[in-house]
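Engineer: Sharing protein.tsv (TSV, C-alpha atoms) below.
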chain	number	residue	atom	x	y	z
Q	1	MET	CA	33.57	-4.92	-36.93
Q	2	LYS	CA	34.19	-8.63	-37.38
Q	3	SER	CA	31.33	-10.86	-38.47
Q	4	GLN	CA	31.41	-12.86	-35.24
Q	5	ALA	CA	31.15	-9.67	-33.21
Q	6	LYS	CA	28.13	-8.55	-35.28
Q	7	ALA	CA	26.48	-11.94	-34.74
Q	8	VAL	CA	27.09	-11.80	-30.99
Q	9	LEU	CA	25.74	-8.23	-30.92
Q	10	ALA	CA	22.57	-9.28	-32.79
Q	11	ILE	CA	22.03	-12.26	-30.47
Q	12	SER	CA	22.63	-10.13	-27.36
Q	13	VAL	CA	20.14	-7.47	-28.50
Q	14	GLY	CA	17.66	-10.27	-29.28
Q	15	ILE	CA	18.05	-11.76	-25.81
Q	16	ILE	CA	17.57	-8.33	-24.21
Q	17	LEU	CA	14.38	-7.79	-26.26
Q	18	LEU	CA	13.15	-11.24	-25.24
Q	19	ALA	CA	13.89	-10.46	-21.58
Q	20	ILE	CA	11.95	-7.17	-21.84
Q	21	ALA	CA	9.09	-9.03	-23.54
Q	22	ILE	CA	8.96	-11.57	-20.70
Q	23	SER	CA	9.14	-8.91	-18.00
Q	24	THR	CA	6.38	-6.84	-19.63
Q	25	ASN	CA	4.08	-9.83	-20.09
Q	26	GLN	CA	4.40	-9.62	-23.86
Q	27	PHE	CA	5.75	-13.14	-23.93
Q	28	LEU	CA	3.76	-16.03	-25.36
Q	29	PRO	CA	1.18	-17.32	-25.07
Q	30	ASP	CA	-1.09	-14.69	-23.50
Q	31	LEU	CA	-0.75	-11.58	-25.61
Q	32	ILE	CA	0.15	-13.35	-28.83
Q	33	GLN	CA	-2.82	-15.67	-28.52
Q	34	GLU	CA	-5.07	-12.69	-27.95
Q	35	LEU	CA	-3.61	-11.00	-31.02
Q	36	LEU	CA	-4.05	-14.10	-33.12
Q	37	ALA	CA	-7.64	-14.71	-32.10
Q	38	GLU	CA	-8.82	-13.81	-35.59
Q	39	LEU	CA	-7.39	-13.83	-39.08
Q	40	THR	CA	-6.54	-10.30	-40.15
Q	41	ARG	CA	-8.56	-8.39	-42.71
Q	42	SER	CA	-5.34	-8.22	-44.74
Q	43	ALA	CA	-5.11	-12.02	-44.94
Q	44	THR	CA	-8.70	-12.35	-46.11
Q	45	ALA	CA	-8.64	-9.23	-48.32
Q	46	GLY	CA	-11.00	-9.44	-51.29
Q	47	ILE	CA	-12.53	-12.78	-50.29
Q	48	PRO	CA	-16.33	-12.64	-50.43
Q	49	THR	CA	-17.90	-13.43	-47.08
Q	50	PRO	CA	-20.34	-16.35	-47.15
Y	1	MET	CA	30.40	-31.74	-65.18
Y	2	ALA	CA	31.13	-35.36	-64.20
Y	3	TRP	CA	29.23	-36.15	-61.03
Y	4	HIS	CA	30.52	-39.07	-59.03
Y	5	LYS	CA	27.89	-41.56	-57.92
Y	6	LYS	CA	28.43	-41.39	-54.16
Y	7	PRO	CA	28.13	-37.59	-53.74
Y	8	LYS	CA	25.05	-37.58	-55.97
Y	9	THR	CA	23.44	-40.25	-53.76
Y	10	ASN	CA	24.37	-38.18	-50.71
Y	11	LEU	CA	22.67	-35.14	-52.26
Y	12	THR	CA	19.49	-37.09	-53.04
Y	13	LYS	CA	19.40	-38.42	-49.46
Y	14	LEU	CA	19.98	-34.98	-47.98
Y	15	ARG	CA	17.23	-33.39	-50.11
Y	16	PHE	CA	14.85	-36.18	-49.09
Y	17	VAL	CA	15.65	-35.68	-45.40
Y	18	ARG	CA	15.17	-31.92	-45.80
Y	19	ILE	CA	11.73	-32.32	-47.34
Y	20	ILE	CA	10.73	-34.67	-44.48
Y	21	VAL	CA	11.93	-32.10	-41.91
Y	22	GLN	CA	10.04	-29.32	-43.76
Y	23	ILE	CA	6.84	-31.41	-43.77
Y	24	ILE	CA	7.19	-32.15	-40.03
Y	25	MET	CA	7.70	-28.43	-39.36
Y	26	PHE	CA	4.62	-27.58	-41.42
Y	27	PHE	CA	2.46	-29.92	-39.32
Y	28	LEU	CA	4.03	-28.64	-36.09
Y	29	LEU	CA	2.96	-25.14	-37.09
Y	30	ASN	CA	-0.59	-26.30	-37.81
Y	31	LEU	CA	-1.22	-28.46	-34.75
Y	32	VAL	CA	-4.70	-27.03	-34.24
Y	33	PHE	CA	-5.85	-29.03	-37.25
Y	34	PHE	CA	-5.03	-32.25	-35.41
Y	35	GLU	CA	-6.62	-31.01	-32.20
Y	36	ILE	CA	-3.32	-31.67	-30.44
Y	37	GLY	CA	-3.21	-28.15	-29.11
Y	38	ALA	CA	-1.85	-24.73	-29.81
Y	39	ASN	CA	1.72	-23.90	-30.58
Y	40	TRP	CA	3.30	-20.62	-29.76
Y	41	LEU	CA	6.34	-20.73	-31.97
Y	42	VAL	CA	7.25	-17.41	-33.53
Y	43	LEU	CA	9.83	-18.28	-36.14
Y	44	PRO	CA	11.46	-16.17	-38.86
Y	45	ILE	CA	9.81	-18.06	-41.70
Y	46	ASN	CA	7.30	-17.19	-44.42
Y	47	MET	CA	4.35	-18.73	-42.58
Y	48	PRO	CA	1.21	-16.65	-42.15
Y	49	GLN	CA	-1.50	-17.45	-39.66
Y	50	THR	CA	-3.80	-20.09	-41.10
Y	51	ILE	CA	-7.16	-21.37	-39.90
Y	52	PHE	CA	-5.26	-24.32	-38.43
Y	53	SER	CA	-2.39	-22.48	-36.76
Y	54	SER	CA	-2.17	-20.55	-33.56
Y	55	SER	CA	0.96	-18.68	-34.49
Y	56	GLU	CA	2.54	-16.98	-37.47
Y	57	GLY	CA	5.93	-16.03	-38.86
Y	58	SER	CA	7.90	-13.19	-37.31
Y	59	PHE	CA	7.37	-10.77	-40.21
Y	60	TYR	CA	3.57	-11.15	-40.16
Y	61	LEU	CA	3.42	-10.86	-36.37
Y	62	LEU	CA	5.67	-7.80	-36.49
Y	63	GLN	CA	3.22	-6.00	-38.82
Y	64	ARG	CA	0.21	-7.08	-36.78
Y	65	MET	CA	1.76	-5.83	-33.52
Y	66	LEU	CA	2.78	-2.51	-35.08
Y	67	SER	CA	-0.77	-1.95	-36.37
Y	68	GLN	CA	-1.95	-2.25	-32.77
Y	69	ALA	CA	0.77	0.09	-31.51
Y	70	ILE	CA	2.57	-2.67	-29.62
Y	71	ILE	CA	6.37	-2.66	-29.73
Y	72	PRO	CA	7.12	-5.95	-31.57
Y	73	LEU	CA	9.65	-7.30	-29.10
Y	74	ILE	CA	8.98	-11.01	-29.73
Y	75	PRO	CA	9.28	-10.94	-33.54
Y	76	LEU	CA	12.38	-8.73	-33.40
Y	77	ALA	CA	13.97	-11.02	-30.81
Y	78	SER	CA	13.18	-14.05	-32.96
Y	79	PHE	CA	14.82	-12.45	-36.01
Y	80	LEU	CA	17.94	-11.40	-34.12
Y	81	ILE	CA	18.53	-14.53	-32.04
Y	82	ILE	CA	17.76	-17.12	-34.72
Y	83	GLY	CA	19.36	-15.08	-37.52
Y	84	GLY	CA	22.48	-14.37	-35.45
Y	85	ILE	CA	22.99	-18.04	-34.64
Y	86	PHE	CA	21.70	-19.96	-37.66
Y	87	GLY	CA	21.47	-17.38	-40.47
Y	88	ARG	CA	18.90	-18.42	-43.08
Y	89	LEU	CA	18.86	-22.08	-41.97
Y	90	PHE	CA	15.12	-21.95	-41.28
Y	91	CYS	CA	14.51	-20.83	-44.91
Y	92	ALA	CA	15.83	-24.19	-46.09
Y	93	TRP	CA	14.70	-26.47	-43.28
Y	94	ALA	CA	11.51	-25.04	-41.77
Y	95	CYS	CA	9.79	-22.54	-44.06
Y	96	PRO	CA	6.48	-23.87	-45.46
Y	97	PHE	CA	6.70	-21.59	-48.50
Y	98	GLY	CA	10.24	-22.87	-49.02
Y	99	LEU	CA	8.79	-26.40	-48.98
Y	100	PHE	CA	6.18	-25.30	-51.55
Y	101	GLN	CA	8.97	-23.91	-53.76
Y	102	ASP	CA	11.00	-27.12	-53.42
Y	103	ILE	CA	7.96	-29.24	-54.36
Y	104	ILE	CA	7.22	-27.03	-57.39
Y	105	GLY	CA	10.91	-27.37	-58.34
Y	106	LEU	CA	10.71	-31.16	-58.08
Y	107	ILE	CA	7.49	-31.42	-60.08
Y	108	THR	CA	8.87	-29.18	-62.83
Y	109	SER	CA	12.44	-30.53	-62.75
Y	110	TRP	CA	12.10	-31.45	-66.45
Y	111	ILE	CA	11.82	-27.76	-67.33
Y	112	LYS	CA	15.15	-26.05	-68.06
Y	113	LYS	CA	15.95	-23.62	-65.27
Y	114	TYR	CA	17.19	-20.10	-65.79
Y	115	GLU	CA	20.51	-19.37	-64.12
Y	116	PRO	CA	20.57	-15.69	-63.19
Y	117	THR	CA	23.92	-13.93	-63.24
Y	118	HIS	CA	25.40	-12.47	-60.08
Y	119	SER	CA	24.39	-8.94	-61.14
Y	120	THR	CA	20.78	-10.08	-61.84
Y	121	ASN	CA	20.68	-11.70	-58.42
Y	122	THR	CA	21.91	-8.50	-56.83
Y	123	SER	CA	19.55	-6.17	-58.70
Y	124	MET	CA	16.49	-8.38	-58.16
Y	125	ARG	CA	17.30	-8.63	-54.47
Y	126	GLN	CA	17.25	-4.84	-54.33
Y	127	ILE	CA	13.58	-5.01	-55.38
Y	128	GLY	CA	12.98	-7.32	-52.41
Y	129	GLU	CA	14.82	-4.92	-50.14
Y	130	LEU	CA	12.63	-2.06	-51.39
Y	131	VAL	CA	9.47	-4.11	-50.78
Y	132	THR	CA	10.63	-5.09	-47.28
Y	133	GLY	CA	11.73	-1.58	-46.38
Y	134	GLY	CA	8.50	-0.07	-47.76
Y	135	THR	CA	6.35	-2.54	-45.85
Y	136	LEU	CA	8.20	-1.88	-42.60
Y	137	LEU	CA	7.95	1.86	-43.16
Y	138	ILE	CA	4.18	1.69	-43.75
Y	139	SER	CA	3.70	-0.56	-40.70
Y	140	THR	CA	5.78	1.77	-38.52
Y	141	PHE	CA	3.78	4.77	-39.73
Y	142	ILE	CA	0.53	2.92	-38.96
Y	143	GLY	CA	1.87	1.94	-35.52
Y	144	ILE	CA	2.85	5.52	-34.65
Y	145	SER	CA	-0.49	6.90	-35.90
Y	146	VAL	CA	-2.43	4.32	-33.89
Y	147	GLY	CA	-0.26	5.08	-30.86
Y	148	LEU	CA	-1.18	8.75	-31.22
Y	149	GLY	CA	-4.87	7.86	-31.13
Y	150	ASN	CA	-5.72	8.08	-34.83
Y	151	GLN	CA	-6.67	4.43	-35.32
Y	152	ALA	CA	-10.04	5.05	-37.01
Y	153	ASP	CA	-8.59	7.47	-39.56
Y	154	VAL	CA	-5.59	5.28	-40.38
Y	155	GLU	CA	-7.76	2.16	-40.58
Y	156	ALA	CA	-10.10	3.91	-43.00
Y	157	ALA	CA	-7.19	5.18	-45.09
Y	158	PHE	CA	-5.34	1.87	-45.38
Y	159	GLY	CA	-8.33	-0.47	-45.53
Y	160	SER	CA	-7.20	-4.07	-45.99
Y	161	PHE	CA	-3.56	-2.96	-45.81
Y	162	PHE	CA	-3.99	-1.68	-42.25
Y	163	GLU	CA	-3.04	-4.74	-40.18
Y	164	GLN	CA	-0.51	-6.52	-42.37
Y	165	PRO	CA	0.31	-4.62	-45.58
Y	166	TRP	CA	2.50	-7.41	-46.92
Y	167	ALA	CA	-0.11	-10.13	-46.27
Y	168	VAL	CA	-2.39	-8.67	-48.95
Y	169	LEU	CA	0.15	-9.36	-51.70
Y	170	SER	CA	2.13	-12.29	-50.28
Y	171	PRO	CA	1.70	-15.52	-52.30
Y	172	ALA	CA	2.33	-17.47	-49.08
Y	173	VAL	CA	-0.74	-15.85	-47.48
Y	174	PHE	CA	-2.76	-16.55	-50.62
Y	175	LEU	CA	-1.69	-20.20	-50.56
Y	176	PHE	CA	-1.85	-20.98	-46.84
Y	177	THR	CA	-4.60	-18.64	-45.68
Y	178	ALA	CA	-6.75	-17.25	-48.50
Y	179	ILE	CA	-7.33	-20.51	-50.41
Y	180	PRO	CA	-8.14	-22.58	-47.25
Y	181	VAL	CA	-10.44	-19.77	-46.05
Y	182	MET	CA	-12.26	-19.72	-49.40
Y	183	VAL	CA	-12.68	-23.51	-49.19
Y	184	TYR	CA	-13.81	-23.26	-45.53
Y	185	TRP	CA	-16.31	-20.50	-46.33
Y	186	GLY	CA	-17.47	-22.35	-49.43
Y	187	VAL	CA	-16.79	-19.41	-51.75
Y	188	LEU	CA	-13.97	-20.88	-53.85
Y	189	GLY	CA	-16.52	-22.01	-56.43
Y	190	GLU	CA	-17.24	-18.36	-57.29
Y	191	PHE	CA	-14.01	-18.31	-59.27
Y	192	PHE	CA	-15.29	-21.05	-61.50
Y	193	ARG	CA	-18.61	-19.43	-62.45
Y	194	ILE	CA	-18.25	-17.11	-65.42
Y	195	GLU	CA	-21.26	-15.00	-64.38
Y	196	ASN	CA	-19.54	-14.25	-61.03
Y	197	LEU	CA	-16.17	-13.22	-62.40
Y	198	GLY	CA	-17.15	-9.55	-62.74
Y	199	SER	CA	-18.26	-9.30	-59.13
Y	200	ILE	CA	-15.03	-10.65	-57.63
Y	201	ASP	CA	-13.09	-8.02	-55.68
Y	202	ILE	CA	-10.21	-6.44	-57.62
Y	203	LEU	CA	-7.94	-7.10	-54.62
Y	204	LEU	CA	-8.56	-10.84	-54.96
Y	205	TRP	CA	-7.69	-10.67	-58.66
Y	206	ILE	CA	-4.44	-8.86	-57.82
Y	207	ARG	CA	-3.62	-11.49	-55.19
Y	208	LEU	CA	-4.28	-14.26	-57.71
Y	209	VAL	CA	-2.04	-12.60	-60.32
Y	210	VAL	CA	0.82	-12.16	-57.81
Y	211	PHE	CA	0.43	-15.82	-56.82
Y	212	ILE	CA	0.59	-16.99	-60.46
Y	213	VAL	CA	3.60	-14.74	-61.18
Y	214	ALA	CA	5.34	-16.19	-58.10
Y	215	ILE	CA	4.69	-19.75	-59.31
Y	216	ILE	CA	6.06	-18.96	-62.79
Y	217	MET	CA	9.10	-17.40	-61.15
Y	218	ILE	CA	9.64	-20.49	-58.96
Y	219	ILE	CA	9.29	-22.85	-61.95
Y	220	TYR	CA	12.07	-21.14	-63.92
Y	221	ILE	CA	14.29	-19.93	-61.08
Y	222	PRO	CA	14.90	-22.37	-58.21
Y	223	ARG	CA	13.68	-20.76	-54.99
Y	224	GLY	CA	13.13	-17.54	-56.99
Y	225	TRP	CA	10.72	-16.00	-54.49
Y	226	CYS	CA	12.98	-16.96	-51.61
Y	227	ARG	CA	16.14	-15.48	-53.07
Y	228	TRP	CA	14.74	-12.21	-54.39
Y	229	ILE	CA	11.45	-11.07	-52.87
Y	230	CYS	CA	10.62	-12.77	-49.56
Y	231	PRO	CA	10.92	-10.11	-46.80
Y	232	VAL	CA	11.84	-12.76	-44.23
Y	233	GLY	CA	14.66	-13.94	-46.49
Y	234	ILE	CA	15.79	-10.35	-47.03
Y	235	ILE	CA	16.04	-9.70	-43.27
Y	236	MET	CA	17.52	-13.10	-42.43
Y	237	GLY	CA	20.00	-12.80	-45.31
Y	238	ARG	CA	21.50	-9.67	-43.77
Y	239	LEU	CA	21.85	-11.48	-40.45
Y	240	GLY	CA	23.01	-14.67	-42.18
Y	241	GLU	CA	26.04	-12.90	-43.60
Y	242	HIS	CA	27.38	-12.69	-40.06
Y	243	SER	CA	25.76	-15.72	-38.40
Y	244	LEU	CA	27.71	-17.96	-36.05
Y	245	ILE	CA	26.84	-21.13	-37.98
Y	246	GLY	CA	27.39	-21.50	-41.72
Y	247	VAL	CA	29.23	-23.39	-44.43
Y	248	GLY	CA	32.90	-22.97	-45.23
Y	249	ARG	CA	35.50	-24.46	-47.54
Y	250	ASN	CA	38.67	-26.34	-46.64
Y	251	ILE	CA	41.14	-24.72	-49.01
Y	252	THR	CA	43.62	-27.64	-48.81
Y	253	LYS	CA	40.99	-30.15	-49.97
Y	254	CYS	CA	39.12	-27.98	-52.51
Y	255	ASN	CA	40.01	-28.62	-56.17
Y	256	HIS	CA	37.76	-25.82	-57.48
Y	257	CYS	CA	35.63	-28.24	-59.49
Y	258	GLY	CA	32.55	-26.02	-59.02
Y	259	LEU	CA	30.11	-28.83	-58.15
Y	260	CYS	CA	29.07	-26.92	-55.02
Y	261	GLU	CA	28.06	-23.91	-57.13
Y	262	ASP	CA	26.21	-26.13	-59.62
Y	263	VAL	CA	23.95	-27.67	-56.98
Y	264	CYS	CA	23.38	-24.55	-54.86
Y	265	PRO	CA	19.62	-23.86	-55.13
Y	266	MET	CA	20.20	-20.20	-54.32
Y	267	GLY	CA	22.90	-19.69	-56.96
Y	268	VAL	CA	25.60	-18.70	-54.46
Y	269	GLN	CA	29.03	-18.32	-56.10
Y	270	ILE	CA	30.74	-20.27	-53.35
Y	271	LEU	CA	34.23	-20.22	-54.84
Y	272	SER	CA	34.28	-16.44	-54.99
Y	273	HIS	CA	33.76	-16.19	-51.22
Y	274	PRO	CA	36.62	-16.39	-48.71
Y	275	ALA	CA	37.34	-20.06	-47.98
Y	276	GLU	CA	36.81	-19.87	-44.22
Y	277	ARG	CA	33.10	-18.96	-44.52
Y	278	VAL	CA	30.55	-18.43	-47.27
Y	279	ARG	CA	29.09	-15.13	-46.16
Y	280	SER	CA	26.30	-14.65	-48.66
Y	281	VAL	CA	22.88	-13.08	-48.14
Y	282	HIS	CA	21.49	-15.94	-50.22
Y	283	CYS	CA	23.03	-18.95	-48.41
Y	284	THR	CA	20.30	-20.87	-46.56
Y	285	ASN	CA	22.60	-23.52	-45.02
Y	286	CYS	CA	20.71	-26.20	-46.96
Y	287	LEU	CA	23.96	-28.22	-46.96
Y	288	ASP	CA	23.63	-29.34	-50.59
Y	289	CYS	CA	27.19	-28.15	-51.24
Y	290	ILE	CA	28.51	-30.33	-48.41
Y	291	ALA	CA	26.62	-33.39	-49.66
Y	292	ILE	CA	27.83	-33.08	-53.25
Y	293	CYS	CA	31.50	-32.35	-52.51
Y	294	ASP	CA	33.62	-35.21	-53.73
Y	295	GLU	CA	36.67	-34.03	-51.81
Y	296	ASP	CA	34.91	-33.37	-48.47
Y	297	ALA	CA	36.12	-29.80	-48.79
Y	298	MET	CA	32.81	-28.18	-47.83
Y	299	GLU	CA	31.98	-28.27	-44.14
Y	300	LEU	CA	29.62	-26.79	-41.58
Y	301	LYS	CA	31.46	-24.27	-39.48
Y	302	ILE	CA	30.72	-22.63	-36.18
Y	303	LEU	CA	32.01	-19.07	-35.61
Here is a file; write its structure as structure tokens.
Structural biologist:
Amino acid sequence: MKSQAKAVLAISVGIILLAIAISTNQFLPDLIQELLAELTRSATAGIPTP
Amino acid sequence: MAWHKKPKTNLTKLRFVRIIVQIIMFFLLNLVFFEIGANWLVLPINMPQTIFSSSEGSFYLLQRMLSQAIIPLIPLASFLIIGGIFGRLFCAWACPFGLFQDIIGLITSWIKKYEPTHSTNTSMRQIGELVTGGTLLISTFIGISVGLGNQADVEAAFGSFFEQPWAVLSPAVFLFTAIPVMVYWGVLGEFFRIENLGSIDILLWIRLVVFIVAIIMIIYIPRGWCRWICPVGIIMGRLGEHSLIGVGRNITKCNHCGLCEDVCPMGVQILSHPAERVRSVHCTNCLDCIAICDEDAMELKIL
């Protein structure tokens, strides 16, 4: 498959995923903001709490 | 190599403009700090969530969503759409850890850089591919287990690695999240008290060692982390090979002087690629090769 065709395929799949995300209310900001309400335990791993 | 004055000036100007754009992007991603408001950009860059940001890079969000058994549609879409159109352009122009690497490179420009061979580049990148693949595999396993209702068990088994396995080891997370958090919580001083050293968590020591190794790597190899290890770069590189926008060479103007290869911060062997497009997993579309070309042979191409 030609490179351009692969790029168009990737972009098309991306747009479809974005459309599904919008239609299932996964689109920003609601769910993402809820997810990002706190820093993860992974990001603060090993840091002593005050 | 005899560099003509005009192209060298062009290169300096371009690199200056790029650093300004990177700084603007960094502040855009941390708008909360300025109380301007939240941003909801999910970009394929090595930017973790910080205490000042309301978003994070696609790879971090992807892991976080998987750990909560949510299909990561937004991060995947961001990888595919942006990667398919621009390739690794955001690595050069928007990534905060890329900016950090460029600044380290500038500060240590007096140190002789190591020029890895093509085979070293390839083998080291395979390590990055293993790290990326392993991280995605672990996150997918966690996502499936959580989806099947085993969250407590998986959380207990993976501990700090549960939500974002890569974030524990990433030097970008250490720099942009862990250090500011330690300052914010007032615990950074613990590092500087000898009597406290023994009580510091082993995980924090490991994170510190990875961070120092990354800095040493960046000092001796321009954009070393970016070209070999960064999972975002690994994913975007694969897409960048086929992206719609990228640099190419005008074969009628090119005199094969090799200046483009000399200035490429990612060590891409431009002349060994087909003239119509440089399809390299390493090319970040930084445009240095276009700026330095004396013959105007390098150009930005679409399709």
Engineer: For chain Q against chain Y, which residues fall within 7 Å using only C-alpha atoms, given as a list in words?
Structural biologist: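 On the chain Q side, the interface is Ser3, Gln4, Lys6, Ala7, Val8, Ala10, Ile11, Gly14, Ile15, Leu17, Leu18, Ala21, Phe27, Leu28, Pro29, Leu36, Leu39, Thr40, Arg41, Ser42, Ala43, Thr44, Ala45, Gly46, Ile47, Pro48 and Pro50 of chain Q.
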Engineer: Within 8 Å of (37.2, -30.2, -47.9) (coordinates as in the file), grab all the protein and nucleic acid residues, counting only C-alpha atoms, and write them out as a ChimeraX atom specification.
Structural biologist: /Y:249-254,293,295-299
Engineer: Excluding same-chain residues fewer than 2 positions from Trp93 (chain Y), what lies within 8 Å of it counting all atoms listed in the file, as number ranges by chain?
Structural biologist: Y: 18-19, 21-22, 89-91, 95, 286
Engineer: One number please: CA of Glu276 (chain Y) to CA of Ala5 (chain Q), in Å, one decimal.
Structural biologist: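 Separation of CA of Glu276 (chain Y) and CA of Ala5 (chain Q): 16.0 Å.
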Engineer: If I take CA of Cys289 (chain Y) and CA of Leu11 (chain Y), how far is one from the other in Å, to one decimal?
Structural biologist: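 Going from CA of Cys289 (chain Y) over to CA of Leu11 (chain Y) covers 8.4 Å.
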Engineer: How many Å separate CA of Leu287 (chain Y) from CA of Gly258 (chain Y)?
Structural biologist: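 CA of Leu287 (chain Y) sits 15.0 Å away from CA of Gly258 (chain Y).
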Engineer: Which one of Y:Ile107, Y:Phe192, Y:Gly133, Y:Val183 sits closest to Thr49 (chain Q) if you count all atoms listed in the file?
Structural biologist: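 With all atoms listed in the file as the atom set, the closest residue is Y:Val183.
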Engineer: Could you pull the residues within 12 Å of Cys226 (chain Y), counting only C-alpha atoms, minus those fewer than 3 positions along the same chain, as number ranges by chain?
Structural biologist: Y: 45-46, 88, 90-92, 95-102, 121, 124-125, 128, 170-172, 214-215, 217-218, 221-223, 229-237, 265-267, 281-284
Engineer: Identify, on the basis of only C-alpha atoms, every residue whose closest approach to Leu136 (chain Y) does not exceed 10 Å; exclude the query and any residue fewer than 2 positions from it along the same chain; express the result as a list in words.
Structural biologist: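 Contacts, in chain order: Phe59, Leu62, Gln63, Leu66, Leu130, Val131, Thr132, Gly133, Gly134, Ile138, Ser139, Thr140, Phe141, Ile142, Gln164, Pro165, Trp166 and Pro231 of chain Y.
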Engineer: Of the residues Y:Asp288, Y:Met47, Y:Ser67, Y:Leu29, which is the one nearest to Asp262 (chain Y), using all atoms listed in the file?
Structural biologist: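 Of Y:Asp288, Y:Met47, Y:Ser67, Y:Leu29, the one nearest Asp262 (chain Y), counting all atoms listed in the file, is Y:Asp288.
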